[in-house]
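Structure file my_file-v7.pdb with PDB, C-alpha atoms and all ligand atoms:
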```pdb
ATOM      1  CA  MET B 213      98.921 111.486 119.713
ATOM      2  CA  GLU B 214      96.700 113.582 117.485
ATOM      3  CA  ILE B 215      95.211 111.995 114.351
ATOM      4  CA  ARG B 216      93.587 114.064 111.674
ATOM      5  CA  GLN B 217      92.745 113.845 108.010
ATOM      6  CA  ASP B 218      92.862 116.682 105.558
ATOM      7  CA  GLU B 219      92.519 117.290 101.848
ATOM      8  CA  ILE B 220      95.585 118.634 100.117
ATOM      9  CA  LEU B 221      93.592 119.280  96.941
ATOM     10  CA  SER B 222      89.933 119.190  95.996
ATOM     11  CA  LEU B 223      88.864 119.910  92.422
ATOM     12  CA  GLU B 224      85.485 119.806  90.752
ATOM     13  CA  LEU B 225      85.163 117.250  87.967
ATOM     14  CA  PRO B 226      82.969 117.840  84.900
ATOM     15  CA  TYR B 227      79.984 115.992  86.374
ATOM     16  CA  ARG B 228      80.279 117.738  89.737
ATOM     17  CA  GLU B 229      81.994 114.899  91.502
ATOM     18  CA  ARG B 230      85.100 115.989  93.347
ATOM     19  CA  LEU B 231      88.612 114.757  92.906
ATOM     20  CA  THR B 232      90.170 114.823  96.358
ATOM     21  CA  LEU B 233      93.724 114.088  97.482
ATOM     22  CA  ARG B 234      93.518 112.930 101.087
ATOM     23  CA  ARG B 235      96.214 112.819 103.725
ATOM     24  CA  THR B 236      96.233 111.293 107.223
ATOM     25  CA  ILE B 237      98.454 113.008 109.779
ATOM     26  CA  TYR B 238      99.708 111.419 113.002
ATOM     27  CA  ARG B 239     101.293 113.958 115.314
ATOM     28  CA  GLY B 240     103.018 113.004 118.550
ATOM     29  CA  GLY B 241     105.328 115.944 119.222
ATOM     30  CA  ASP B 242     107.663 118.520 117.749
ATOM     31  CA  GLY B 243     110.100 115.966 116.256
ATOM     32  CA  PRO B 244     110.731 115.700 112.512
ATOM     33  CA  ARG B 245     107.994 115.176 109.895
ATOM     34  CA  VAL B 246     108.161 112.146 107.613
ATOM     35  CA  ALA B 247     105.783 110.930 104.916
ATOM     36  CA  VAL B 248     104.758 107.801 103.051
ATOM     37  CA  VAL B 249     103.446 108.272  99.514
ATOM     38  CA  SER B 250     101.892 105.605  97.297
ATOM     39  CA  GLY B 251      99.413 105.107  94.517
ATOM     40  CA  ILE B 252     100.997 107.529  92.046
ATOM     41  CA  HIS B 253     100.542 104.623  89.637
ATOM     42  CA  GLY B 254      96.946 103.409  89.891
ATOM     43  CA  ASP B 255      97.773  99.735  89.300
ATOM     44  CA  GLU B 256     100.302  99.489  92.148
ATOM     45  CA  LEU B 257      98.789  98.543  95.495
ATOM     46  CA  GLU B 258     101.713  97.299  97.613
ATOM     47  CA  GLY B 259     102.270 100.814  99.021
ATOM     48  CA  LEU B 260      98.636 101.204 100.027
ATOM     49  CA  TYR B 261      99.055  98.157 102.237
ATOM     50  CA  VAL B 262     102.277  99.535 103.737
ATOM     51  CA  ALA B 263     100.403 102.768 104.545
ATOM     52  CA  HIS B 264      97.748 100.702 106.321
ATOM     53  CA  ARG B 265     100.393  98.790 108.327
ATOM     54  CA  VAL B 266     102.081 102.052 109.368
ATOM     55  CA  ALA B 267      98.727 103.512 110.442
ATOM     56  CA  ARG B 268      97.842 100.396 112.384
ATOM     57  CA  TRP B 269     101.196 100.362 114.201
ATOM     58  CA  LEU B 270     100.933 104.055 115.135
ATOM     59  CA  GLU B 271      97.363 103.632 116.377
ATOM     60  CA  ALA B 272      98.488 100.680 118.531
ATOM     61  CA  HIS B 273     101.487 102.648 119.937
ATOM     62  CA  PRO B 274     100.128 106.173 120.467
ATOM     63  CA  THR B 275     102.865 107.176 122.923
ATOM     64  CA  ALA B 276     105.766 106.157 120.666
ATOM     65  CA  LEU B 277     105.533 109.080 118.241
ATOM     66  CA  ARG B 278     107.870 112.065 118.855
ATOM     67  CA  GLY B 279     107.339 113.763 115.511
ATOM     68  CA  GLN B 280     104.796 113.613 112.702
ATOM     69  CA  VAL B 281     103.979 110.862 110.209
ATOM     70  CA  GLU B 282     101.914 111.741 107.140
ATOM     71  CA  LEU B 283     100.308 109.199 104.835
ATOM     72  CA  LEU B 284      99.376 110.048 101.241
ATOM     73  CA  PRO B 285      98.429 106.551 100.110
ATOM     74  CA  ALA B 286      96.404 107.399  97.008
ATOM     75  CA  VAL B 287      98.038 110.160  94.982
ATOM     76  CA  ASN B 288      96.270 109.047  91.776
ATOM     77  CA  PRO B 289      92.701 108.320  92.961
ATOM     78  CA  LEU B 290      91.230 108.254  89.439
ATOM     79  CA  GLY B 291      93.853 105.723  88.338
ATOM     80  CA  LEU B 292      93.269 103.585  91.420
ATOM     81  CA  ASP B 293      89.494 103.677  90.891
ATOM     82  CA  THR B 294      89.839 102.487  87.309
ATOM     83  CA  LEU B 295      92.913 100.223  87.633
ATOM     84  CA  GLU B 296      95.035 102.381  85.378
ATOM     85  CA  ARG B 297      98.699 103.213  85.848
ATOM     86  CA  GLY B 298      98.373 106.751  84.563
ATOM     87  CA  LEU B 299      95.866 109.543  85.043
ATOM     88  CA  PRO B 300      92.872 108.274  83.005
ATOM     89  CA  THR B 301      91.434 111.651  82.085
ATOM     90  CA  HIS B 302      94.665 112.867  80.508
ATOM     91  CA  ASP B 303      96.359 109.564  79.629
ATOM     92  CA  VAL B 304      99.629 110.630  81.221
ATOM     93  CA  ASP B 305     101.966 109.129  83.810
ATOM     94  CA  LEU B 306     101.620 111.328  86.911
ATOM     95  CA  ASN B 307     105.179 110.413  87.877
ATOM     96  CA  ARG B 308     106.426 112.206  84.751
ATOM     97  CA  ASN B 309     104.589 115.405  85.636
ATOM     98  CA  PHE B 310     106.449 116.665  88.691
ATOM     99  CA  PRO B 311     106.981 119.247  90.090
ATOM    100  CA  GLY B 312     103.751 120.509  88.524
ATOM    101  CA  HIS B 313     102.081 123.896  88.592
ATOM    102  CA  ALA B 314      99.190 125.259  90.671
ATOM    103  CA  ASP B 315      97.592 126.877  87.592
ATOM    104  CA  GLY B 316      98.384 124.092  85.128
ATOM    105  CA  LEU B 317      96.316 121.261  83.722
ATOM    106  CA  LEU B 318      94.895 118.619  86.046
ATOM    107  CA  PRO B 319      98.087 116.473  86.179
ATOM    108  CA  GLN B 320     100.208 119.514  87.049
ATOM    109  CA  ARG B 321      97.752 120.660  89.717
ATOM    110  CA  LEU B 322      97.818 117.237  91.336
ATOM    111  CA  THR B 323     101.606 117.010  91.351
ATOM    112  CA  ASP B 324     101.977 120.590  92.581
ATOM    113  CA  ALA B 325      99.637 119.848  95.491
ATOM    114  CA  VAL B 326     101.736 116.813  96.445
ATOM    115  CA  MET B 327     104.982 118.811  96.252
ATOM    116  CA  THR B 328     103.491 121.579  98.404
ATOM    117  CA  ALA B 329     102.168 119.100 100.975
ATOM    118  CA  LEU B 330     105.577 117.426 101.339
ATOM    119  CA  ALA B 331     107.701 120.601 101.607
ATOM    120  CA  GLY B 332     109.848 120.603 104.730
ATOM    121  CA  ALA B 333     109.595 116.848 105.413
ATOM    122  CA  ALA B 334     112.724 115.212 106.817
ATOM    123  CA  LEU B 335     112.161 112.081 104.717
ATOM    124  CA  VAL B 336     109.593 110.991 102.119
ATOM    125  CA  VAL B 337     109.298 107.373 100.977
ATOM    126  CA  ASP B 338     107.489 106.939  97.654
ATOM    127  CA  ILE B 339     106.371 103.310  97.391
ATOM    128  CA  HIS B 340     105.888 101.623  94.021
ATOM    129  CA  ALA B 341     105.096  98.063  93.007
ATOM    130  CA  SER B 342     106.309  96.367  89.886
ATOM    131  CA  ASN B 343     103.936  95.741  86.979
ATOM    132  CA  ILE B 344     101.950  92.509  86.577
ATOM    133  CA  TYR B 345     104.792  90.900  84.603
ATOM    134  CA  LEU B 346     107.644  91.005  87.102
ATOM    135  CA  ARG B 347     108.039  90.341  90.815
ATOM    136  CA  GLU B 348     110.537  92.586  92.582
ATOM    137  CA  ILE B 349     112.297  91.866  95.876
ATOM    138  CA  PRO B 350     111.852  94.872  98.210
ATOM    139  CA  GLN B 351     114.386  97.446  97.060
ATOM    140  CA  ILE B 352     115.256 101.126  97.158
ATOM    141  CA  ARG B 353     116.189 102.779  93.858
ATOM    142  CA  ILE B 354     118.444 105.800  94.003
ATOM    143  CA  ASN B 355     119.597 108.156  91.276
ATOM    144  CA  GLN B 356     123.420 108.404  91.374
ATOM    145  CA  CYS B 357     123.240 112.198  91.685
ATOM    146  CA  PHE B 358     121.668 111.939  95.126
ATOM    147  CA  ALA B 359     123.485 108.791  96.313
ATOM    148  CA  PRO B 360     125.748 110.448  98.935
ATOM    149  CA  ASP B 361     122.717 111.824 100.812
ATOM    150  CA  LEU B 362     120.252 108.991 100.210
ATOM    151  CA  VAL B 363     122.270 105.777 100.641
ATOM    152  CA  PRO B 364     122.734 106.347 104.401
ATOM    153  CA  LEU B 365     118.954 106.835 104.713
ATOM    154  CA  ALA B 366     118.259 103.709 102.643
ATOM    155  CA  ARG B 367     120.552 101.337 104.546
ATOM    156  CA  PRO B 368     118.381 100.972 107.688
ATOM    157  CA  MET B 369     115.200 100.500 105.592
ATOM    158  CA  ASN B 370     115.304  96.662 105.908
ATOM    159  CA  MET B 371     115.268  96.246 102.124
ATOM    160  CA  ASP B 372     117.063  93.474 100.246
ATOM    161  CA  VAL B 373     118.573  95.591  97.479
ATOM    162  CA  ILE B 374     119.679  99.202  97.051
ATOM    163  CA  TRP B 375     119.896  99.892  93.320
ATOM    164  CA  LEU B 376     121.968 102.909  92.325
ATOM    165  CA  HIS B 377     121.055 103.832  88.777
ATOM    166  CA  GLU B 378     122.526 106.324  86.361
ATOM    167  CA  ALA B 379     120.854 109.697  85.926
ATOM    168  CA  ALA B 380     118.212 109.598  83.157
ATOM    169  CA  THR B 381     116.474 112.669  81.801
ATOM    170  CA  VAL B 382     113.122 110.869  81.727
ATOM    171  CA  LEU B 383     113.306 110.414  85.511
ATOM    172  CA  GLU B 384     113.785 114.110  86.210
ATOM    173  CA  ALA B 385     110.013 114.685  86.227
ATOM    174  CA  THR B 386     109.401 112.172  89.023
ATOM    175  CA  LEU B 387     108.283 112.988  92.549
ATOM    176  CA  ALA B 388     111.552 111.701  94.015
ATOM    177  CA  HIS B 389     113.802 113.715  91.707
ATOM    178  CA  SER B 390     111.749 116.879  92.183
ATOM    179  CA  LEU B 391     111.754 116.563  95.977
ATOM    180  CA  ASN B 392     115.447 115.707  96.192
ATOM    181  CA  GLN B 393     116.237 118.668  93.986
ATOM    182  CA  ARG B 394     114.342 120.928  96.387
ATOM    183  CA  GLY B 395     116.264 119.522  99.345
ATOM    184  CA  VAL B 396     113.567 117.141 100.631
ATOM    185  CA  SER B 397     115.080 113.649 100.910
ATOM    186  CA  CYS B 398     112.926 111.141  99.032
ATOM    187  CA  LEU B 399     113.555 107.414  98.653
ATOM    188  CA  VAL B 400     111.813 105.353  95.966
ATOM    189  CA  ALA B 401     110.827 101.872  97.135
ATOM    190  CA  GLU B 402     109.873  99.161  94.659
ATOM    191  CA  LEU B 403     108.407  95.847  95.818
ATOM    192  CA  GLY B 404     106.174  92.976  94.817
ATOM    193  CA  VAL B 405     103.899  92.790  91.809
ATOM    194  CA  GLY B 406     101.408  95.160  90.174
ATOM    195  CA  MET B 407      97.727  94.790  91.131
ATOM    196  CA  ARG B 408      98.689  92.627  94.111
ATOM    197  CA  VAL B 409      99.543  92.926  97.779
ATOM    198  CA  THR B 410     102.388  90.848  99.243
ATOM    199  CA  PRO B 411     101.823  90.935 103.024
ATOM    200  CA  ALA B 412     105.314  89.660 103.908
ATOM    201  CA  TYR B 413     106.910  92.506 101.939
ATOM    202  CA  GLY B 414     104.587  95.004 103.616
ATOM    203  CA  GLU B 415     105.686  93.728 107.011
ATOM    204  CA  GLN B 416     109.358  93.907 106.019
ATOM    205  CA  MET B 417     108.923  97.488 104.860
ATOM    206  CA  LEU B 418     106.996  98.510 107.999
ATOM    207  CA  ARG B 419     109.911  97.340 110.149
ATOM    208  CA  GLY B 420     112.375  99.266 108.011
ATOM    209  CA  LEU B 421     110.333 102.469 108.040
ATOM    210  CA  LEU B 422     109.947 102.393 111.821
ATOM    211  CA  ALA B 423     113.666 101.716 112.359
ATOM    212  CA  THR B 424     114.618 104.520 109.968
ATOM    213  CA  TRP B 425     112.197 106.942 111.621
ATOM    214  CA  GLN B 426     113.534 105.982 115.036
ATOM    215  CA  GLY B 427     117.001 106.930 113.800
ATOM    216  CA  LEU B 428     115.628 110.330 112.725
ATOM    217  CA  GLY B 429     113.944 110.983 116.079
ATOM    218  CA  VAL B 430     110.390 110.553 114.789
ATOM    219  CA  ILE B 431     109.804 107.431 116.894
ATOM    220  CA  ALA B 432     110.866 107.153 120.551
ATOM    221  CA  LEU B 433     114.122 105.304 121.208
ATOM    222  CA  ASP B 434     112.389 102.964 123.662
ATOM    223  CA  ALA B 435     109.557 102.046 121.259
ATOM    224  CA  PRO B 436     109.195  98.261 120.939
ATOM    225  CA  LEU B 437     110.289  97.715 117.331
ATOM    226  CA  ALA B 438     110.536  94.329 115.627
ATOM    227  CA  PRO B 439     114.089  93.526 114.467
ATOM    228  CA  CYS B 440     115.288  94.379 110.951
ATOM    229  CA  ASP B 441     116.995  91.281 109.599
ATOM    230  CA  HIS B 442     117.469  92.214 105.927
ATOM    231  CA  ARG B 443     120.851  93.581 104.800
ATOM    232  CA  PRO B 444     120.787  95.183 101.351
ATOM    233  CA  LEU B 445     122.938  94.116  98.434
ATOM    234  CA  VAL B 446     124.069  97.158  96.474
ATOM    235  CA  ALA B 447     123.203  96.912  92.789
ATOM    236  CA  THR B 448     124.606  99.287  90.201
ATOM    237  CA  ASP B 449     124.283  99.460  86.444
ATOM    238  CA  ALA B 450     127.650  97.648  86.403
ATOM    239  CA  ASN B 451     126.604  94.552  88.383
ATOM    240  CA  VAL B 452     122.949  94.069  87.365
ATOM    241  CA  ARG B 453     122.493  91.407  84.649
ATOM    242  CA  TYR B 454     119.307  91.237  82.558
ATOM    243  CA  LEU B 455     117.888  87.958  81.255
ATOM    244  CA  ASN B 456     115.796  88.479  78.133
ATOM    245  CA  ALA B 457     113.869  85.738  76.359
ATOM    246  CA  SER B 458     115.658  84.306  73.312
ATOM    247  CA  THR B 459     112.348  83.139  71.833
ATOM    248  CA  SER B 460     108.586  83.436  72.381
ATOM    249  CA  GLY B 461     106.690  80.875  74.476
ATOM    250  CA  LEU B 462     105.821  80.109  78.082
ATOM    251  CA  PHE B 463     108.558  80.853  80.601
ATOM    252  CA  VAL B 464     108.468  78.396  83.505
ATOM    253  CA  PRO B 465     111.027  79.154  86.226
ATOM    254  CA  THR B 466     112.615  76.272  88.112
ATOM    255  CA  VAL B 467     114.075  78.393  90.910
ATOM    256  CA  GLU B 468     112.508  80.564  93.587
ATOM    257  CA  HIS B 469     112.671  84.346  93.549
ATOM    258  CA  TRP B 470     115.537  85.812  95.651
ATOM    259  CA  THR B 471     117.738  82.757  95.292
ATOM    260  CA  ALA B 472     121.527  82.783  95.124
ATOM    261  CA  VAL B 473     122.582  81.248  91.810
ATOM    262  CA  ARG B 474     125.848  80.097  90.233
ATOM    263  CA  LYS B 475     126.893  81.099  86.724
ATOM    264  CA  ASP B 476     125.288  78.738  84.146
ATOM    265  CA  ALA B 477     122.890  77.221  86.723
ATOM    266  CA  PRO B 478     119.449  76.434  85.223
ATOM    267  CA  LEU B 479     116.780  79.038  86.074
ATOM    268  CA  GLY B 480     113.902  77.714  83.983
ATOM    269  CA  HIS B 481     112.852  77.033  80.433
ATOM    270  CA  ILE B 482     110.726  78.457  77.657
ATOM    271  CA  VAL B 483     108.312  75.829  76.357
ATOM    272  CA  SER B 484     105.922  75.530  73.447
ATOM    273  CA  PRO B 485     102.155  75.297  74.090
ATOM    274  CA  PHE B 486     101.735  73.524  70.718
ATOM    275  CA  GLY B 487     103.896  70.493  71.386
ATOM    276  CA  GLY B 488     106.375  68.867  73.706
ATOM    277  CA  ALA B 489     109.315  71.017  72.703
ATOM    278  CA  VAL B 490     111.455  72.903  75.165
ATOM    279  CA  LEU B 491     112.310  75.964  73.088
ATOM    280  CA  ALA B 492     115.057  77.402  75.276
ATOM    281  CA  GLU B 493     116.870  76.662  78.513
ATOM    282  CA  VAL B 494     117.405  79.728  80.671
ATOM    283  CA  THR B 495     120.619  79.823  82.692
ATOM    284  CA  ALA B 496     122.252  82.304  85.035
ATOM    285  CA  PRO B 497     124.677  84.672  83.278
ATOM    286  CA  ALA B 498     126.779  85.161  86.424
ATOM    287  CA  ASP B 499     127.095  84.248  90.092
ATOM    288  CA  GLY B 500     124.587  86.367  91.945
ATOM    289  CA  VAL B 501     121.140  86.732  93.458
ATOM    290  CA  LEU B 502     117.902  86.663  91.507
ATOM    291  CA  PHE B 503     116.129  89.862  92.596
ATOM    292  CA  THR B 504     113.609  90.222  89.748
ATOM    293  CA  LEU B 505     111.650  87.221  88.435
ATOM    294  CA  ARG B 506     108.972  87.068  85.784
ATOM    295  CA  GLU B 507     105.498  86.587  87.251
ATOM    296  CA  TYR B 508     103.531  86.502  83.985
ATOM    297  CA  PRO B 509     104.604  83.405  82.008
ATOM    298  CA  LEU B 510     103.946  84.431  78.412
ATOM    299  CA  VAL B 511     107.103  85.881  76.841
ATOM    300  CA  TYR B 512     107.996  87.351  73.493
ATOM    301  CA  GLU B 513     111.503  87.335  72.112
ATOM    302  CA  GLY B 514     113.271  89.998  74.147
ATOM    303  CA  SER B 515     110.868  89.971  77.131
ATOM    304  CA  LEU B 516     112.564  90.473  80.487
ATOM    305  CA  MET B 517     112.471  87.245  82.543
ATOM    306  CA  ALA B 518     114.811  88.000  85.410
ATOM    307  CA  ARG B 519     117.455  90.309  86.794
ATOM    308  CA  ILE B 520     120.444  89.219  88.845
ATOM    309  CA  VAL B 521     122.707  91.237  91.115
ATOM    310  CA  ALA B 522     126.056  89.731  90.216
ATOM    311  CA  THR B 523     127.983  89.157  93.411
ATOM    312  CA  GLY B 524     131.017  87.411  91.983
ATOM    313  CA  ASP B 525     132.127  86.204  95.383
ATOM    314  CA  PRO B 526     130.742  83.645  97.829
ATOM    315  CA  ALA B 527     130.279  86.260 100.577
ATOM    316  CA  GLY B 528     127.600  88.056  98.567
ATOM    317  CA  LYS B 529     125.638  84.871  98.078
ATOM    318  CA  GLU B 530     125.051  84.555 101.776
ATOM    319  CA  ALA B 531     122.957  87.706 101.695
ATOM    320  CA  ALA B 532     120.082  85.700 100.208
ATOM    321  CA  PRO B 533     117.894  83.787 102.648
TER
HETATM  322 ZN    ZN P 601     105.079 102.942  90.083
END
```
For this file, write the structure as structure tokens.
Ligand SMILES: [Zn+2]
Amino acid sequence: MEIRQDEILSLELPYRERLTLRRTIYRGGDGPRVAVVSGIHGDELEGLYVAHRVARWLEAHPTALRGQVELLPAVNPLGLDTLERGLPTHDVDLNRNFPGHADGLLPQRLTDAVMTALAGAALVVDIHASNIYLREIPQIRINQCFAPDLVPLARPMNMDVIWLHEAATVLEATLAHSLNQRGVSCLVAELGVGMRVTPAYGEQMLRGLLATWQGLGVIALDAPLAPCDHRPLVATDANVRYLNASTSGLFVPTVEHWTAVRKDAPLGHIVSPFGGAVLAEVTAPADGVLFTLREYPLVYEGSLMARIVATGDPAGKEAAP
């Protein structure tokens, strides 16, 4: 196996530092190329850890690779350096600036370099974390327009949820949409919490990536892979229920994340810091599984506290551990 690092873009900054987009390439043969991308949002670190776990596995199994694995773990280095979601110099969301332009402003040059680097890949997985307010169970999010091609690729990924969402114009300038439109399959993974690493989720995702790549011929069929034991629930805009706070206060959940719940079951309460009052009881709007749960307790009226995939039948409930 050959390991090399290259720079897909290097630009001079005003004070003569250089902004560099780095890639690590593992090559084991002429099989398909796949890529892991993360750090488009500078406050999301879960994907950086997944990239590390992939690298560590490949380095420990140098004869298992039949194709090429590329890691672009830090697509927004300035954002990562300064703990900012967007590109600090231009105050824009890089993931709303695809596909970019080689002669454009800095954000467009960065996104163009990423698009160029990923051309021809058999599969790209763009890994995001949630923000600091919400914890997300590992999930793949797919735009309905690409569902026929992408759902079969997402199923072996060892995720807990596949969320098929309606097409939205604002999402057309994302990396995933731009790649899928150019015929490069790209899955968007969302897991954990912003500014944090959740090692168990990283491990879950590593297993799913390796199994998926094995199915594509990137990893040898006899490679010793750990089992994938997560079966995804399919969420759509029709069966996802949102729980928004009815009043401001401190939201204290009384259930664990990724729990199967019955309609009207208590999920937590909103309490007052100024007295003993419980301001609101929060209950499940439907039978289902709690796949998003608020991590940051302070809520305003309307704040999102949880999301449930409504299952509506007892069989679905068994999908939760
Ligand atoms: Zn993100």
task: Write as an NGL selection string the residues around ligand ZN 601 (chain P), taking 7 Å as the cut-off and counting all atoms listed in the file.
output: :B and (252-253 or 256 or 340-342)
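Coordinates place atom CA of B:Arg519 at a distance of 11.9 Å from atom CA of B:Asp499.
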task: Please indicate the distance in Å from atom CA of B:Met371 to atom CA of B:Val246, rounded to one decimal place.
output: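 Answer for the atom CA of B:Met371 to atom CA of B:Val246 separation: 18.3 Å.
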message: When the PyMOL selection byres (((chain B and resi 508) around 7) and not hetatm) is applied to the structure above, which residues does it catch, written out as a PyMOL selection string?
response: chain B and resi 344-346+506-507+509-510
- request: Grab the atom CA of B:Leu322 to atom CA of B:Val287 distance for me, in Å with one decimal place.
  value: 8.0 Å
- prompt: Just so the selection is clear, what residues does the PyMOL selection byres (((chain B and resi 232) around 10) and not hetatm) cover here, as a VMD selection string?
  reply: chain B and resid 218 to 224 229 to 231 233 to 235 286 to 290 322
Close residues, B:Gly291 itself excluded, 12 Å, all atoms listed in the file, min 2 positions apart in chain, as a PyMOL selection string: chain B and resi 231+251-257+286-289+293-306+319+407
Which residues would end up in the selection if the PyMOL selection byres (((chain B and resi 414-416) around 9) and not hetatm) were applied here, given that I need the answer as an mmCIF file with C-alpha atoms, in the coordinates of the input?
```
data_model
loop_
_atom_site.group_PDB
_atom_site.id
_atom_site.type_symbol
_atom_site.label_atom_id
_atom_site.label_comp_id
_atom_site.auth_asym_id
_atom_site.auth_seq_id
_atom_site.Cartn_x
_atom_site.Cartn_y
_atom_site.Cartn_z
ATOM 1 C CA GLU B 258 101.713 97.299 97.613
ATOM 2 C CA GLY B 259 102.270 100.814 99.021
ATOM 3 C CA TYR B 261 99.055 98.157 102.237
ATOM 4 C CA VAL B 262 102.277 99.535 103.737
ATOM 5 C CA ALA B 263 100.403 102.768 104.545
ATOM 6 C CA ARG B 265 100.393 98.790 108.327
ATOM 7 C CA PRO B 350 111.852 94.872 98.210
ATOM 8 C CA MET B 369 115.200 100.500 105.592
ATOM 9 C CA ASN B 370 115.304 96.662 105.908
ATOM 10 C CA MET B 371 115.268 96.246 102.124
ATOM 11 C CA LEU B 403 108.407 95.847 95.818
ATOM 12 C CA VAL B 409 99.543 92.926 97.779
ATOM 13 C CA THR B 410 102.388 90.848 99.243
ATOM 14 C CA PRO B 411 101.823 90.935 103.024
ATOM 15 C CA ALA B 412 105.314 89.660 103.908
ATOM 16 C CA TYR B 413 106.910 92.506 101.939
ATOM 17 C CA MET B 417 108.923 97.488 104.860
ATOM 18 C CA LEU B 418 106.996 98.510 107.999
ATOM 19 C CA ARG B 419 109.911 97.340 110.149
ATOM 20 C CA GLY B 420 112.375 99.266 108.011
ATOM 21 C CA LEU B 421 110.333 102.469 108.040
ATOM 22 C CA CYS B 440 115.288 94.379 110.951
ATOM 23 C CA ASP B 441 116.995 91.281 109.599
ATOM 24 C CA HIS B 442 117.469 92.214 105.927
#
```
- request: Would you kindly return, as a list in words, each protein, DNA or RNA residue with an atom no farther than 9 Å from any atom of B:Arg367, considering all atoms listed in the file and excluding same-chain residues fewer than 6 positions away?
  value: Ile374, Thr424, Arg443 and Pro444 of chain B
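Excluding B:Glu271 itself and same-chain residues fewer than 4 positions from it, the residues having an atom within 9 Å of it are Met213, Ile215, Tyr238, Val266 and Ala267 of chain B, counting all atoms listed in the file.
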query: Pick from B:Gln426, B:Gln320, B:Thr386, B:Thr448: nearest to B:Gln356, with all atoms listed in the file counted?
result: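 Once distances to B:Gln356 are computed over all atoms listed in the file, the minimum belongs to B:Thr448.
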Nearest to B:Leu277 by atom-to-atom distance, counting only C-alpha atoms, from B:Val446, B:Ala435, B:Leu317, B:Ile349: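 Ranking B:Val446, B:Ala435, B:Leu317, B:Ile349 by distance to B:Leu277, first place goes to B:Ala435.
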- request: Within 10 Å of stretch 378-380 of chain B, counting all atoms listed in the file, which residues show up once you throw out same-chain ones fewer than 6 positions away? Write them as a list of chain:residue names, please.
  value: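 Surrounding residues, per the criterion: B:Ile354, B:Asn355, B:Gln356, B:Cys357, B:Phe358, B:His389, B:Thr448, B:Asp449.
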- request: Enumerate, as a PyMOL selection string, the protein, DNA and RNA residues whose atoms approach (110.7, 83.3, 77.9) to within 7 Å, taking into account all atoms listed in the file and the coordinate frame of the file.
  value: chain B and resi 457-463+482+510-512+515+517
Could you make a table, as JSON lines, of the residues of stretch 327-405 of chain B that have an atom within 10 Å of an atom of stretch 466-474 of chain B, each with its nearest atom pair and distance in Å to one decimal, counting only C-alpha atoms, in chain and number order?
```
{"residue": "B:Arg347", "atom": "CA", "partner": "B:His469", "partner_atom": "CA", "distance": 8.1}
{"residue": "B:Glu348", "atom": "CA", "partner": "B:His469", "partner_atom": "CA", "distance": 8.6}
{"residue": "B:Ile349", "atom": "CA", "partner": "B:Trp470", "partner_atom": "CA", "distance": 6.9}
{"residue": "B:Asp372", "atom": "CA", "partner": "B:Trp470", "partner_atom": "CA", "distance": 9.1}
```
